[in-house]
Each structure stands twice: as structure tokens, then as C-alpha cells.
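Reading through the C-alpha cells given below for one structure.
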Amino acid sequence: MGLRLVEAGDAPVMSEHRRVLELIDAVSLERHGPAGVGVWLGDHRAEVVATIRACDQDGAREQGTRLAAAVWPSAALVRDPRWWEELAGVGEALAVADRDPRRLAELLHSAAATFAAHGDRLRAEERWVRALAVVRRDGDRVRHEAVLGGLGDLYRGWGRLSKALDAYLGLVDLRRDLDDPARLAEAYVAVATTMHDAGRLRSATDYFDRADEVLTEVEAPVTHAGVLVWCGRTRWEQGEHGAARRRWSRALAMLVDVDEDTADRVRALLATGQDERPPYWSNTASSPSGGVG
């Protein structure tokens, strides 16, 4: 693209605006695809940061934070954590200077998600904790949910189960007043599976039962069956074999003629109480960002 870098006292705000729009277009995954954006961004990463930094002037900060927000979905295509840290720093500084809490929370969340996905838990935690403080003050419910889900998943993968529970219980509180039983069930399952990991079987059973109850309002048989298998599993582990089989029987009834492969696995559970493989729903049932089905 060959864009010219800004120097002190150089281009006016309108020139910066045009340059920002060009860069936003260049990092559009929809227009250019991951391969094209990745190659371009790898060659122009310093220019992107310089352009965002150059927007630190009256009338241009919103353009700079807009560019930073547009870059983050593509940032992981360039495996350069030092650049991610630089990108995060300049964007967040502009959002603070522009007094834009919603954009600041968005940038913090995006950076945290990128760091978390590549194993940098400390940087991810630091940004999600800051984002949580911002969304709590600002009242941005959607971002608040995303941040709590990210923190919960981070802490759970880290083995910090008490902190994961704090995040997931916060998610339950946010969703309890919404008219969306599927998402509330998802939050209950996140709490329940984390309780199970922590060996708190009675508490896990209670939250799986809550998910079961709210899912009666939703037409999602495979999702609901997954929760019922968990309901049975925690009871089986507590020696309540009859109660476990009753939940598995309900699950099987939901799966027949819907998902025969999974129905066969539930039949095996009913016969033996054992399942050598992880439950088919386990990769998503434990994560508020992935659903319970």
C-alpha cells in the first residue's frame, strides 16, 4: 500500500482520516481473506501502530481507536507478541484520552483474547481485569458478558477454579434477568462443570439441575440431553445410581431419531454407568462463549 508515515506537524486530521480508512480496508478479513491480510499486516505492522499513535490529536482519536479495533481480529495472523503489546498500548491510550469507555473495553477484551489464545495468561488476565472494571462502571451488558466469559475460561484453563467460579457466577447474575433460557442454562453449565472439576459434586449437581429446569423452555434436544447426562454423571459419582439412570433415560428419549450415535453412547451409560470418552458436549458445555450443545 505504501502509505506515508506521519511526522510532527505534518498531515491534517482529514489526511489522517483517509489513511485510517485505507488501513481499515487493508485488514478486512471479509475483503481480503486471512492469507492476504496476514501477509500485508506482517509487512505493515509498524506502520499500523505509527498511524494509530499519530491520531493522538483533537478530532482524530476516534479514528485511531477505530483502526485499532479493526486490526485486532487479524492481529493473531502475525505471531509477534511484542507487536501485540505495542498495538494494545497505543489503542488503549487513545481510548482513555478520548474518554470512550466502550471502545476501551472492546480493545482490552480483544487484546486479552489474543494473548489468552496464545498462552500469555498474565497479559490476558491483566487486560480482562481492567476491562471488567470498565464495563461495570459503564453498564455495557454485552461486553460485560464477554469479559466474564473470557476470564472464566482463562482461569479454568489455568486451574484457578475459585476465580473461574467467581467469573461464571457473575455471568449467571447477568443472565438471570434476561428472557433467554438457553444462555442462562449455558452459564449454569459453566458453573456446574467447574464445580465438578473442583470435586464439589453436590454443588455441581445443583447447577446442572438448574440448567435442566430452564432448558424445558427451549427446543434444543441435543443440548438438553447433554445437560441431562451431566445431571446423571454427578449423581452416579455420588453413588445415586438409580437417579443417574433416570436422567440418562430422559436424555435417551430426547436423542432417539435425532442423534443416533450419541443415543448409542447414552445406552452404554445406562448399561454400565461408564463412558471412556469425554462427553460429546464437554468442549462446549463448560464455556459461556461456546454454548451448551
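Chain labels A, B, ... are given in the sequence in which chains occur in the C-alpha cells; within each chain residues are numbered consecutively from 1, and ligands are likewise numbered from 1 in the order shown.
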Practice item. Show which residues sit within 8 Å of Ala146 of chain A, as a PyMOL selection string. Count only C-alpha atoms, and ignore same-chain residues fewer than 3 positions away. Key: chain A and resi 109+142-143+149-150+289
Review point. Which of segment 31-185 of chain A counts as alpha helix (DSSP H) under DSSP, as a ChimeraX atom specification please?
Key: /A:31-54,61-75,81-97,101-117,121-138,141-158,161-175,181-185
Exercise for review: Excluding segment 175-178 of chain A and residues on its chain fewer than 3 positions from it, collect all residues at most 12 Å away from it, counting only C-alpha atoms, and give them as a PyMOL selection string.
Suggested key: chain A and resi 141-142+144-146+148-149+168-172+181-188+210-211+214+288
Dump of N, CA and C atoms for the selected residues, as a compact mmCIF listing (two decimals), in the first residue's frame:
```
# COMPACT_ATOMS: atom_id res chain seq x y z
N ARG A 141 -23.74 -4.31 29.07
CA ARG A 141 -24.04 -5.69 29.43
C ARG A 141 -23.41 -6.69 28.47
N VAL A 142 -23.47 -6.41 27.17
CA VAL A 142 -22.94 -7.36 26.18
C VAL A 142 -21.44 -7.56 26.39
N HIS A 144 -19.80 -6.87 29.09
CA HIS A 144 -19.63 -7.43 30.43
C HIS A 144 -19.70 -8.96 30.37
N GLU A 145 -20.67 -9.49 29.65
CA GLU A 145 -20.78 -10.94 29.49
C GLU A 145 -19.55 -11.52 28.81
N ALA A 146 -19.09 -10.86 27.76
CA ALA A 146 -17.93 -11.37 27.01
C ALA A 146 -16.69 -11.40 27.90
N LEU A 148 -16.55 -11.51 31.27
CA LEU A 148 -16.68 -12.55 32.31
C LEU A 148 -16.46 -13.95 31.72
N GLY A 149 -17.00 -14.18 30.53
CA GLY A 149 -16.77 -15.47 29.89
C GLY A 149 -15.30 -15.71 29.59
N TYR A 168 -17.90 -17.05 36.36
CA TYR A 168 -19.10 -17.71 35.84
C TYR A 168 -20.34 -17.39 36.67
N LEU A 169 -20.19 -17.26 37.98
CA LEU A 169 -21.33 -16.87 38.81
C LEU A 169 -21.76 -15.44 38.49
N GLY A 170 -20.81 -14.59 38.16
CA GLY A 170 -21.16 -13.25 37.71
C GLY A 170 -21.95 -13.30 36.41
N LEU A 171 -21.59 -14.24 35.55
CA LEU A 171 -22.32 -14.42 34.29
C LEU A 171 -23.75 -14.88 34.56
N VAL A 172 -23.92 -15.78 35.52
CA VAL A 172 -25.26 -16.21 35.90
C VAL A 172 -26.09 -15.01 36.37
N PRO A 181 -33.54 -18.36 28.16
CA PRO A 181 -33.19 -19.52 28.97
C PRO A 181 -31.99 -20.31 28.45
N ALA A 182 -31.77 -20.32 27.15
CA ALA A 182 -30.63 -21.07 26.62
C ALA A 182 -29.32 -20.50 27.12
N ARG A 183 -29.20 -19.17 27.12
CA ARG A 183 -27.96 -18.55 27.58
C ARG A 183 -27.80 -18.65 29.09
N LEU A 184 -28.92 -18.61 29.80
CA LEU A 184 -28.83 -18.81 31.25
C LEU A 184 -28.38 -20.24 31.54
N ALA A 185 -28.94 -21.21 30.82
CA ALA A 185 -28.51 -22.60 31.01
C ALA A 185 -27.03 -22.76 30.73
N GLU A 186 -26.55 -22.07 29.71
CA GLU A 186 -25.12 -22.12 29.36
C GLU A 186 -24.27 -21.65 30.53
N ALA A 187 -24.70 -20.57 31.19
CA ALA A 187 -23.95 -20.07 32.34
C ALA A 187 -24.03 -21.04 33.51
N TYR A 188 -25.20 -21.63 33.74
CA TYR A 188 -25.33 -22.63 34.80
C TYR A 188 -24.37 -23.80 34.55
N ARG A 210 -30.40 -26.90 37.66
CA ARG A 210 -30.96 -25.60 37.27
C ARG A 210 -30.95 -25.45 35.75
N ALA A 211 -29.86 -25.91 35.12
CA ALA A 211 -29.80 -25.86 33.66
C ALA A 211 -30.88 -26.74 33.05
N VAL A 214 -34.32 -24.86 33.26
CA VAL A 214 -34.58 -23.76 32.33
C VAL A 214 -34.62 -24.24 30.88
N PRO A 288 -18.94 -20.42 28.42
CA PRO A 288 -20.02 -19.49 28.10
C PRO A 288 -19.92 -18.93 26.70
```
Exercise for review: Using only C-alpha atoms, pick whichever of A:Asp120, A:Asp173, A:Glu237, A:Glu30 has the shortest atom-to-atom distance to Leu201 of chain A.
Suggested key: A:Glu237
Review point. Between atom CA of Ala113 of chain A and atom CA of Glu126 of chain A, what is the spacing in Å?
Key: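 For atom CA of Glu126 of chain A relative to atom CA of Ala113 of chain A, the distance reads 11.3 Å.
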Got a sec: who's within 12 Å of segment 20-28 of chain A, counting only C-alpha atoms, leaving out chain neighbours fewer than 3 positions off, as a CSV table (one decimal) with all heavy atoms, in the first residue's frame?
```csv
chain,number,residue,atom,x,y,z
A,1,MET,N,0.8,-1.2,0.0
A,1,MET,CA,0.0,0.0,0.0
A,1,MET,C,0.9,1.2,0.0
A,1,MET,O,0.5,2.3,-0.5
A,1,MET,CB,-0.9,0.0,1.2
A,1,MET,CG,-1.9,1.1,1.2
A,1,MET,SD,-3.1,0.9,2.5
A,1,MET,CE,-4.1,-0.5,1.9
A,2,GLY,N,2.0,1.2,0.7
A,2,GLY,CA,3.0,2.3,0.6
A,2,GLY,C,2.5,3.6,1.2
A,2,GLY,O,2.8,4.7,0.7
A,3,LEU,N,1.8,3.5,2.3
A,3,LEU,CA,1.3,4.7,3.0
A,3,LEU,C,2.5,5.4,3.7
A,3,LEU,O,3.4,4.9,4.3
A,3,LEU,CB,0.2,4.4,4.0
A,3,LEU,CG,-1.0,3.7,3.4
A,3,LEU,CD1,-2.0,3.4,4.5
A,3,LEU,CD2,-1.6,4.6,2.4
A,4,ARG,N,2.4,6.8,3.6
A,4,ARG,CA,3.4,7.6,4.2
A,4,ARG,C,3.2,7.8,5.7
A,4,ARG,O,2.1,8.0,6.2
A,4,ARG,CB,3.4,9.0,3.5
A,4,ARG,CG,4.4,10.0,4.1
A,4,ARG,CD,4.3,11.3,3.2
A,4,ARG,NE,2.9,11.8,3.1
A,4,ARG,CZ,2.5,12.6,4.0
A,4,ARG,NH1,3.2,13.0,5.1
A,4,ARG,NH2,1.2,13.1,3.9
A,5,LEU,N,4.3,7.6,6.5
A,5,LEU,CA,4.1,7.8,7.9
A,5,LEU,C,4.0,9.3,8.3
A,5,LEU,O,4.5,10.1,7.6
A,5,LEU,CB,5.3,7.2,8.7
A,5,LEU,CG,5.5,5.7,8.5
A,5,LEU,CD1,6.7,5.3,9.4
A,5,LEU,CD2,4.3,5.0,9.0
A,6,VAL,N,3.3,9.5,9.4
A,6,VAL,CA,3.1,10.9,9.9
A,6,VAL,C,4.3,11.4,10.6
A,6,VAL,O,5.0,10.7,11.4
A,6,VAL,CB,1.9,10.9,10.8
A,6,VAL,CG1,1.7,12.3,11.4
A,6,VAL,CG2,0.6,10.5,10.0
A,13,VAL,N,-6.0,16.6,10.1
A,13,VAL,CA,-6.9,15.5,10.5
A,13,VAL,C,-7.5,14.8,9.4
A,13,VAL,O,-7.6,13.5,9.4
A,13,VAL,CB,-8.0,16.1,11.5
A,13,VAL,CG1,-9.0,15.0,11.7
A,13,VAL,CG2,-7.3,16.5,12.8
A,14,MET,N,-7.9,15.5,8.3
A,14,MET,CA,-8.6,14.8,7.2
A,14,MET,C,-7.7,13.8,6.5
A,14,MET,O,-8.1,12.8,6.0
A,14,MET,CB,-9.2,15.9,6.2
A,14,MET,CG,-10.4,16.6,6.7
A,14,MET,SD,-11.7,15.4,7.2
A,14,MET,CE,-12.1,14.7,5.6
A,15,SER,N,-6.4,14.2,6.4
A,15,SER,CA,-5.4,13.3,5.8
A,15,SER,C,-5.3,12.0,6.6
A,15,SER,O,-5.2,10.9,6.1
A,15,SER,CB,-4.1,14.0,5.7
A,15,SER,OG,-3.1,13.1,5.2
A,16,GLU,N,-5.3,12.2,8.0
A,16,GLU,CA,-5.2,11.1,8.9
A,16,GLU,C,-6.4,10.2,8.7
A,16,GLU,O,-6.4,9.0,8.7
A,16,GLU,CB,-5.1,11.5,10.3
A,16,GLU,CG,-3.8,12.2,10.7
A,16,GLU,CD,-2.6,11.3,10.4
A,16,GLU,OE1,-2.8,10.0,10.6
A,16,GLU,OE2,-1.6,11.8,10.0
A,17,HIS,N,-7.6,10.8,8.5
A,17,HIS,CA,-8.8,10.1,8.3
A,17,HIS,C,-8.7,9.2,7.1
A,17,HIS,O,-9.1,8.0,7.1
A,17,HIS,CB,-10.0,11.1,8.2
A,17,HIS,CG,-11.3,10.4,8.0
A,17,HIS,ND1,-11.9,9.6,8.9
A,17,HIS,CD2,-12.1,10.4,6.9
A,17,HIS,CE1,-13.1,9.2,8.4
A,17,HIS,NE2,-13.2,9.6,7.2
A,31,ARG,N,-12.9,-8.8,3.1
A,31,ARG,CA,-12.5,-8.4,1.7
A,31,ARG,C,-11.3,-9.2,1.2
A,31,ARG,O,-11.2,-9.5,0.0
A,31,ARG,CB,-12.2,-6.9,1.7
A,31,ARG,CG,-13.4,-6.0,1.7
A,31,ARG,CD,-13.1,-4.6,1.8
A,31,ARG,NE,-12.2,-4.1,0.7
A,31,ARG,CZ,-12.7,-3.8,-0.5
A,31,ARG,NH1,-14.0,-3.9,-0.8
A,31,ARG,NH2,-11.9,-3.4,-1.5
A,32,HIS,N,-10.3,-9.4,2.0
A,32,HIS,CA,-9.0,-9.9,1.5
A,32,HIS,C,-8.7,-11.4,2.0
A,32,HIS,O,-7.7,-12.0,1.5
A,32,HIS,CB,-7.9,-9.0,2.0
A,32,HIS,CG,-8.1,-7.6,1.5
A,32,HIS,ND1,-8.2,-7.2,0.2
A,32,HIS,CD2,-8.4,-6.5,2.3
A,32,HIS,CE1,-8.4,-5.9,0.2
A,32,HIS,NE2,-8.5,-5.4,1.4
A,33,GLY,N,-9.4,-11.9,3.0
A,33,GLY,CA,-9.2,-13.2,3.5
A,33,GLY,C,-7.9,-13.3,4.4
A,33,GLY,O,-7.1,-12.4,4.4
A,34,PRO,N,-7.8,-14.3,5.2
A,34,PRO,CA,-6.7,-14.4,6.2
A,34,PRO,C,-5.4,-14.4,5.6
A,34,PRO,O,-4.4,-13.7,6.1
A,34,PRO,CB,-7.0,-15.7,6.9
A,34,PRO,CG,-8.5,-16.0,6.8
A,34,PRO,CD,-8.8,-15.4,5.4
A,35,ALA,N,-5.2,-15.1,4.4
A,35,ALA,CA,-3.9,-15.2,3.8
A,35,ALA,C,-3.4,-13.8,3.4
A,35,ALA,O,-2.3,-13.3,3.6
A,35,ALA,CB,-3.9,-16.1,2.7
A,36,GLY,N,-4.3,-13.1,2.7
A,36,GLY,CA,-3.9,-11.8,2.2
A,36,GLY,C,-3.7,-10.8,3.3
A,36,GLY,O,-2.7,-10.0,3.3
A,37,VAL,N,-4.6,-10.8,4.3
A,37,VAL,CA,-4.4,-9.8,5.4
A,37,VAL,C,-3.1,-10.2,6.2
A,37,VAL,O,-2.4,-9.3,6.6
A,37,VAL,CB,-5.6,-9.8,6.3
A,37,VAL,CG1,-5.4,-9.0,7.6
A,37,VAL,CG2,-6.8,-9.3,5.6
A,38,GLY,N,-2.9,-11.4,6.4
A,38,GLY,CA,-1.7,-11.8,7.2
A,38,GLY,C,-0.4,-11.4,6.5
A,38,GLY,O,0.5,-10.8,7.2
A,39,VAL,N,-0.3,-11.5,5.2
A,39,VAL,CA,0.9,-11.1,4.5
A,39,VAL,C,1.0,-9.6,4.6
A,39,VAL,O,2.1,-9.1,4.9
A,39,VAL,CB,0.9,-11.6,3.0
A,39,VAL,CG1,2.0,-10.9,2.3
A,39,VAL,CG2,1.0,-13.1,3.0
A,40,TRP,N,-0.1,-8.9,4.3
A,40,TRP,CA,0.0,-7.4,4.3
A,40,TRP,C,0.3,-6.9,5.7
A,40,TRP,O,1.2,-6.0,5.9
A,40,TRP,CB,-1.3,-6.8,3.9
A,40,TRP,CG,-1.3,-5.4,3.7
A,40,TRP,CD1,-0.9,-4.6,2.6
A,40,TRP,CD2,-1.5,-4.4,4.8
A,40,TRP,NE1,-0.9,-3.3,2.9
A,40,TRP,CE2,-1.3,-3.1,4.2
A,40,TRP,CE3,-1.9,-4.5,6.1
A,40,TRP,CZ2,-1.4,-2.0,5.0
A,40,TRP,CZ3,-2.0,-3.3,6.9
A,40,TRP,CH2,-1.8,-2.1,6.3
A,41,LEU,N,-0.3,-7.5,6.7
A,41,LEU,CA,-0.1,-7.0,8.1
A,41,LEU,C,1.3,-7.3,8.6
A,41,LEU,O,1.9,-6.4,9.3
A,41,LEU,CB,-1.1,-7.6,9.0
A,41,LEU,CG,-1.4,-6.9,10.4
A,41,LEU,CD1,-1.7,-5.5,10.2
A,41,LEU,CD2,-2.5,-7.7,11.1
A,42,GLY,N,1.8,-8.4,8.2
A,42,GLY,CA,3.2,-8.7,8.5
A,42,GLY,C,4.2,-7.7,8.0
A,42,GLY,O,5.2,-7.4,8.7
A,43,ASP,N,3.9,-7.2,6.8
A,43,ASP,CA,4.8,-6.2,6.2
A,43,ASP,C,4.6,-4.7,6.7
A,43,ASP,O,5.4,-3.9,6.6
A,43,ASP,CB,4.7,-6.2,4.7
A,43,ASP,CG,5.2,-7.5,4.1
A,43,ASP,OD1,6.0,-8.2,4.7
A,43,ASP,OD2,4.7,-7.8,3.0
A,44,HIS,N,3.4,-4.5,7.3
A,44,HIS,CA,3.0,-3.1,7.6
A,44,HIS,C,2.7,-2.9,9.1
A,44,HIS,O,2.0,-1.9,9.5
A,44,HIS,CB,1.8,-2.7,6.8
A,44,HIS,CG,2.1,-2.6,5.3
A,44,HIS,ND1,2.1,-3.7,4.5
A,44,HIS,CD2,2.4,-1.5,4.5
A,44,HIS,CE1,2.3,-3.3,3.2
A,44,HIS,NE2,2.5,-2.0,3.2
A,45,ARG,N,3.1,-3.9,9.9
A,45,ARG,CA,2.7,-3.8,11.3
A,45,ARG,C,3.2,-2.5,12.0
A,45,ARG,O,2.4,-1.9,12.8
A,45,ARG,CB,3.1,-5.0,12.1
A,45,ARG,CG,4.6,-5.1,12.3
A,45,ARG,CD,5.0,-6.5,12.9
A,45,ARG,NE,5.3,-7.4,11.8
A,45,ARG,CZ,5.9,-8.6,11.9
A,45,ARG,NH1,6.2,-9.0,13.1
A,45,ARG,NH2,6.2,-9.3,10.9
A,47,GLU,N,3.8,0.3,10.6
A,47,GLU,CA,3.0,1.5,10.0
A,47,GLU,C,1.7,1.6,10.7
A,47,GLU,O,1.2,2.7,10.9
A,47,GLU,CB,2.9,1.3,8.5
A,47,GLU,CG,2.4,2.5,7.8
A,47,GLU,CD,2.5,2.4,6.3
A,47,GLU,OE1,2.9,1.3,5.8
A,47,GLU,OE2,2.1,3.3,5.6
A,48,VAL,N,1.0,0.5,10.9
A,48,VAL,CA,-0.3,0.5,11.6
A,48,VAL,C,-0.2,1.1,12.9
A,48,VAL,O,-1.0,2.0,13.3
A,48,VAL,CB,-0.8,-1.0,11.7
A,48,VAL,CG1,-2.0,-1.0,12.7
A,48,VAL,CG2,-1.2,-1.5,10.3
A,49,VAL,N,0.8,0.7,13.7
A,49,VAL,CA,1.0,1.3,15.1
A,49,VAL,C,1.3,2.8,15.0
A,49,VAL,O,0.8,3.6,15.7
A,49,VAL,CB,2.0,0.5,15.9
A,49,VAL,CG1,2.4,1.3,17.1
A,49,VAL,CG2,1.5,-0.9,16.2
A,50,ALA,N,2.1,3.1,14.0
A,50,ALA,CA,2.5,4.5,13.9
A,50,ALA,C,1.3,5.4,13.5
A,50,ALA,O,1.1,6.5,14.0
A,50,ALA,CB,3.6,4.7,12.8
A,51,THR,N,0.4,4.9,12.7
A,51,THR,CA,-0.8,5.6,12.3
A,51,THR,C,-1.7,5.8,13.4
A,51,THR,O,-2.3,6.9,13.6
A,51,THR,CB,-1.5,4.9,11.1
A,51,THR,OG1,-0.5,4.8,10.0
A,51,THR,CG2,-2.7,5.7,10.6
A,52,ILE,N,-1.9,4.7,14.2
A,52,ILE,CA,-2.7,4.9,15.4
A,52,ILE,C,-2.2,5.9,16.4
A,52,ILE,O,-2.9,6.8,16.9
A,52,ILE,CB,-2.9,3.5,16.1
A,52,ILE,CG1,-3.6,2.5,15.2
A,52,ILE,CG2,-3.6,3.7,17.4
A,52,ILE,CD1,-3.6,1.1,15.7
A,53,ARG,N,-0.9,5.8,16.6
A,53,ARG,CA,-0.2,6.8,17.5
A,53,ARG,C,-0.4,8.2,17.0
A,53,ARG,O,-0.5,9.2,17.8
A,53,ARG,CB,1.2,6.4,17.7
A,53,ARG,CG,2.0,7.3,18.7
A,53,ARG,CD,3.4,6.9,18.8
A,53,ARG,NE,3.5,5.6,19.6
A,53,ARG,CZ,4.0,4.5,19.1
A,53,ARG,NH1,4.4,4.4,17.8
A,53,ARG,NH2,4.1,3.4,19.8
A,54,ALA,N,-0.3,8.4,15.7
A,54,ALA,CA,-0.4,9.7,15.1
A,54,ALA,C,-1.7,10.3,15.2
A,54,ALA,O,-1.9,11.5,15.0
A,54,ALA,CB,0.0,9.7,13.6
A,55,CYS,N,-2.7,9.5,15.6
A,55,CYS,CA,-4.1,10.0,15.7
A,55,CYS,C,-4.3,10.7,17.1
A,55,CYS,O,-5.4,11.1,17.4
A,55,CYS,CB,-5.1,8.9,15.6
A,55,CYS,SG,-5.3,8.3,13.8
A,60,ALA,N,-9.1,13.4,16.0
A,60,ALA,CA,-8.6,12.2,15.3
A,60,ALA,C,-8.6,11.0,16.2
A,60,ALA,O,-8.4,9.9,15.6
A,60,ALA,CB,-7.2,12.5,14.7
A,61,ARG,N,-8.7,11.1,17.5
A,61,ARG,CA,-8.6,9.9,18.4
A,61,ARG,C,-9.6,8.8,18.1
A,61,ARG,O,-9.3,7.6,18.1
A,61,ARG,CB,-8.7,10.4,19.8
A,61,ARG,CG,-7.5,11.2,20.3
A,61,ARG,CD,-7.5,11.5,21.8
A,61,ARG,NE,-6.4,12.4,22.1
A,61,ARG,CZ,-6.5,13.7,22.3
A,61,ARG,NH1,-7.7,14.3,22.2
A,61,ARG,NH2,-5.5,14.4,22.6
A,62,GLU,N,-10.8,9.2,17.8
A,62,GLU,CA,-11.8,8.2,17.4
A,62,GLU,C,-11.4,7.4,16.2
A,62,GLU,O,-11.7,6.2,16.2
A,62,GLU,CB,-13.2,8.9,17.2
A,62,GLU,CG,-14.4,7.9,17.1
A,62,GLU,CD,-14.6,7.4,15.7
A,62,GLU,OE1,-14.1,8.0,14.8
A,62,GLU,OE2,-15.1,6.2,15.6
A,63,GLN,N,-10.8,8.0,15.3
A,63,GLN,CA,-10.3,7.3,14.1
A,63,GLN,C,-9.2,6.3,14.5
A,63,GLN,O,-9.2,5.2,13.9
A,63,GLN,CB,-9.8,8.3,13.0
A,63,GLN,CG,-10.9,9.2,12.5
A,63,GLN,CD,-12.0,8.4,11.8
A,63,GLN,OE1,-11.8,7.4,11.1
A,63,GLN,NE2,-13.2,8.9,12.0
A,64,GLY,N,-8.3,6.7,15.4
A,64,GLY,CA,-7.3,5.8,15.8
A,64,GLY,C,-7.8,4.6,16.5
A,64,GLY,O,-7.3,3.5,16.3
A,65,THR,N,-8.7,4.8,17.4
A,65,THR,CA,-9.3,3.7,18.2
A,65,THR,C,-10.1,2.8,17.2
A,65,THR,O,-10.1,1.6,17.4
A,65,THR,CB,-10.1,4.1,19.4
A,65,THR,OG1,-11.2,4.9,18.9
A,65,THR,CG2,-9.3,4.9,20.4
A,66,ARG,N,-10.7,3.4,16.3
A,66,ARG,CA,-11.5,2.6,15.3
A,66,ARG,C,-10.5,1.7,14.5
A,66,ARG,O,-10.8,0.5,14.2
A,66,ARG,CB,-12.2,3.5,14.3
A,66,ARG,CG,-13.1,2.8,13.3
A,66,ARG,CD,-13.8,3.8,12.4
A,66,ARG,NE,-14.3,3.2,11.2
A,66,ARG,CZ,-14.6,3.9,10.1
A,66,ARG,NH1,-14.4,5.2,10.0
A,66,ARG,NH2,-15.2,3.2,9.1
A,67,LEU,N,-9.4,2.2,14.1
A,67,LEU,CA,-8.4,1.4,13.4
A,67,LEU,C,-7.9,0.3,14.3
A,67,LEU,O,-7.8,-0.9,13.9
A,67,LEU,CB,-7.2,2.3,12.9
A,67,LEU,CG,-6.0,1.6,12.3
A,67,LEU,CD1,-6.4,0.7,11.1
A,67,LEU,CD2,-5.0,2.6,11.9
A,68,ALA,N,-7.6,0.6,15.5
A,68,ALA,CA,-7.1,-0.4,16.5
A,68,ALA,C,-8.1,-1.5,16.6
A,68,ALA,O,-7.7,-2.7,16.6
A,68,ALA,CB,-6.8,0.2,17.8
A,69,ALA,N,-9.4,-1.2,16.7
A,69,ALA,CA,-10.4,-2.2,16.9
A,69,ALA,C,-10.5,-3.0,15.6
A,69,ALA,O,-10.8,-4.3,15.7
A,69,ALA,CB,-11.7,-1.5,17.2
A,70,ALA,N,-10.3,-2.4,14.4
A,70,ALA,CA,-10.4,-3.2,13.2
A,70,ALA,C,-9.2,-4.1,13.0
A,70,ALA,O,-9.4,-5.2,12.3
A,70,ALA,CB,-10.4,-2.2,12.0
A,71,VAL,N,-8.1,-3.8,13.6
A,71,VAL,CA,-6.9,-4.6,13.4
A,71,VAL,C,-6.9,-5.9,14.3
A,71,VAL,O,-6.5,-7.0,13.8
A,71,VAL,CB,-5.6,-3.8,13.7
A,71,VAL,CG1,-4.4,-4.7,13.8
A,71,VAL,CG2,-5.4,-2.7,12.7
A,72,TRP,N,-7.5,-5.8,15.4
A,72,TRP,CA,-7.4,-6.9,16.4
A,72,TRP,C,-8.0,-8.3,15.8
A,72,TRP,O,-7.4,-9.3,16.1
A,72,TRP,CB,-8.1,-6.6,17.7
A,72,TRP,CG,-7.2,-5.9,18.6
A,72,TRP,CD1,-7.3,-4.6,19.1
A,72,TRP,CD2,-6.0,-6.4,19.2
A,72,TRP,NE1,-6.2,-4.3,19.9
A,72,TRP,CE2,-5.4,-5.4,20.0
A,72,TRP,CE3,-5.3,-7.7,19.1
A,72,TRP,CZ2,-4.2,-5.6,20.7
A,72,TRP,CZ3,-4.1,-7.9,19.8
A,72,TRP,CH2,-3.6,-6.8,20.6
A,73,PRO,N,-9.1,-8.3,15.1
A,73,PRO,CA,-9.5,-9.6,14.5
A,73,PRO,C,-8.4,-10.3,13.6
A,73,PRO,O,-8.5,-11.5,13.5
A,73,PRO,CB,-10.7,-9.3,13.7
A,73,PRO,CG,-11.3,-8.0,14.4
A,73,PRO,CD,-10.1,-7.3,14.8
A,74,SER,N,-7.5,-9.5,13.1
A,74,SER,CA,-6.5,-10.0,12.2
A,74,SER,C,-5.1,-10.1,12.9
A,74,SER,O,-4.2,-10.7,12.3
A,74,SER,CB,-6.3,-9.1,11.0
A,74,SER,OG,-7.5,-8.8,10.4
A,75,ALA,N,-5.0,-9.6,14.1
A,75,ALA,CA,-3.7,-9.4,14.7
A,75,ALA,C,-3.0,-10.7,14.9
A,75,ALA,O,-1.7,-10.9,14.8
A,75,ALA,CB,-3.8,-8.7,16.1
A,76,ALA,N,-3.7,-11.8,15.3
A,76,ALA,CA,-3.1,-13.1,15.6
A,76,ALA,C,-2.5,-13.7,14.3
A,76,ALA,O,-1.7,-14.7,14.4
A,76,ALA,CB,-4.1,-14.0,16.2
A,77,LEU,N,-2.8,-13.2,13.1
A,77,LEU,CA,-2.2,-13.7,11.9
A,77,LEU,C,-0.7,-13.4,11.9
A,77,LEU,O,0.1,-14.0,11.1
A,77,LEU,CB,-2.9,-13.1,10.7
A,77,LEU,CG,-4.4,-13.5,10.5
A,77,LEU,CD1,-5.0,-12.7,9.4
A,77,LEU,CD2,-4.5,-15.0,10.2
A,78,VAL,N,-0.3,-12.4,12.7
A,78,VAL,CA,1.1,-12.0,12.8
A,78,VAL,C,1.6,-12.5,14.2
A,78,VAL,O,1.2,-11.9,15.2
A,78,VAL,CB,1.3,-10.5,12.6
A,78,VAL,CG1,2.8,-10.2,12.8
A,78,VAL,CG2,0.8,-10.0,11.3
```
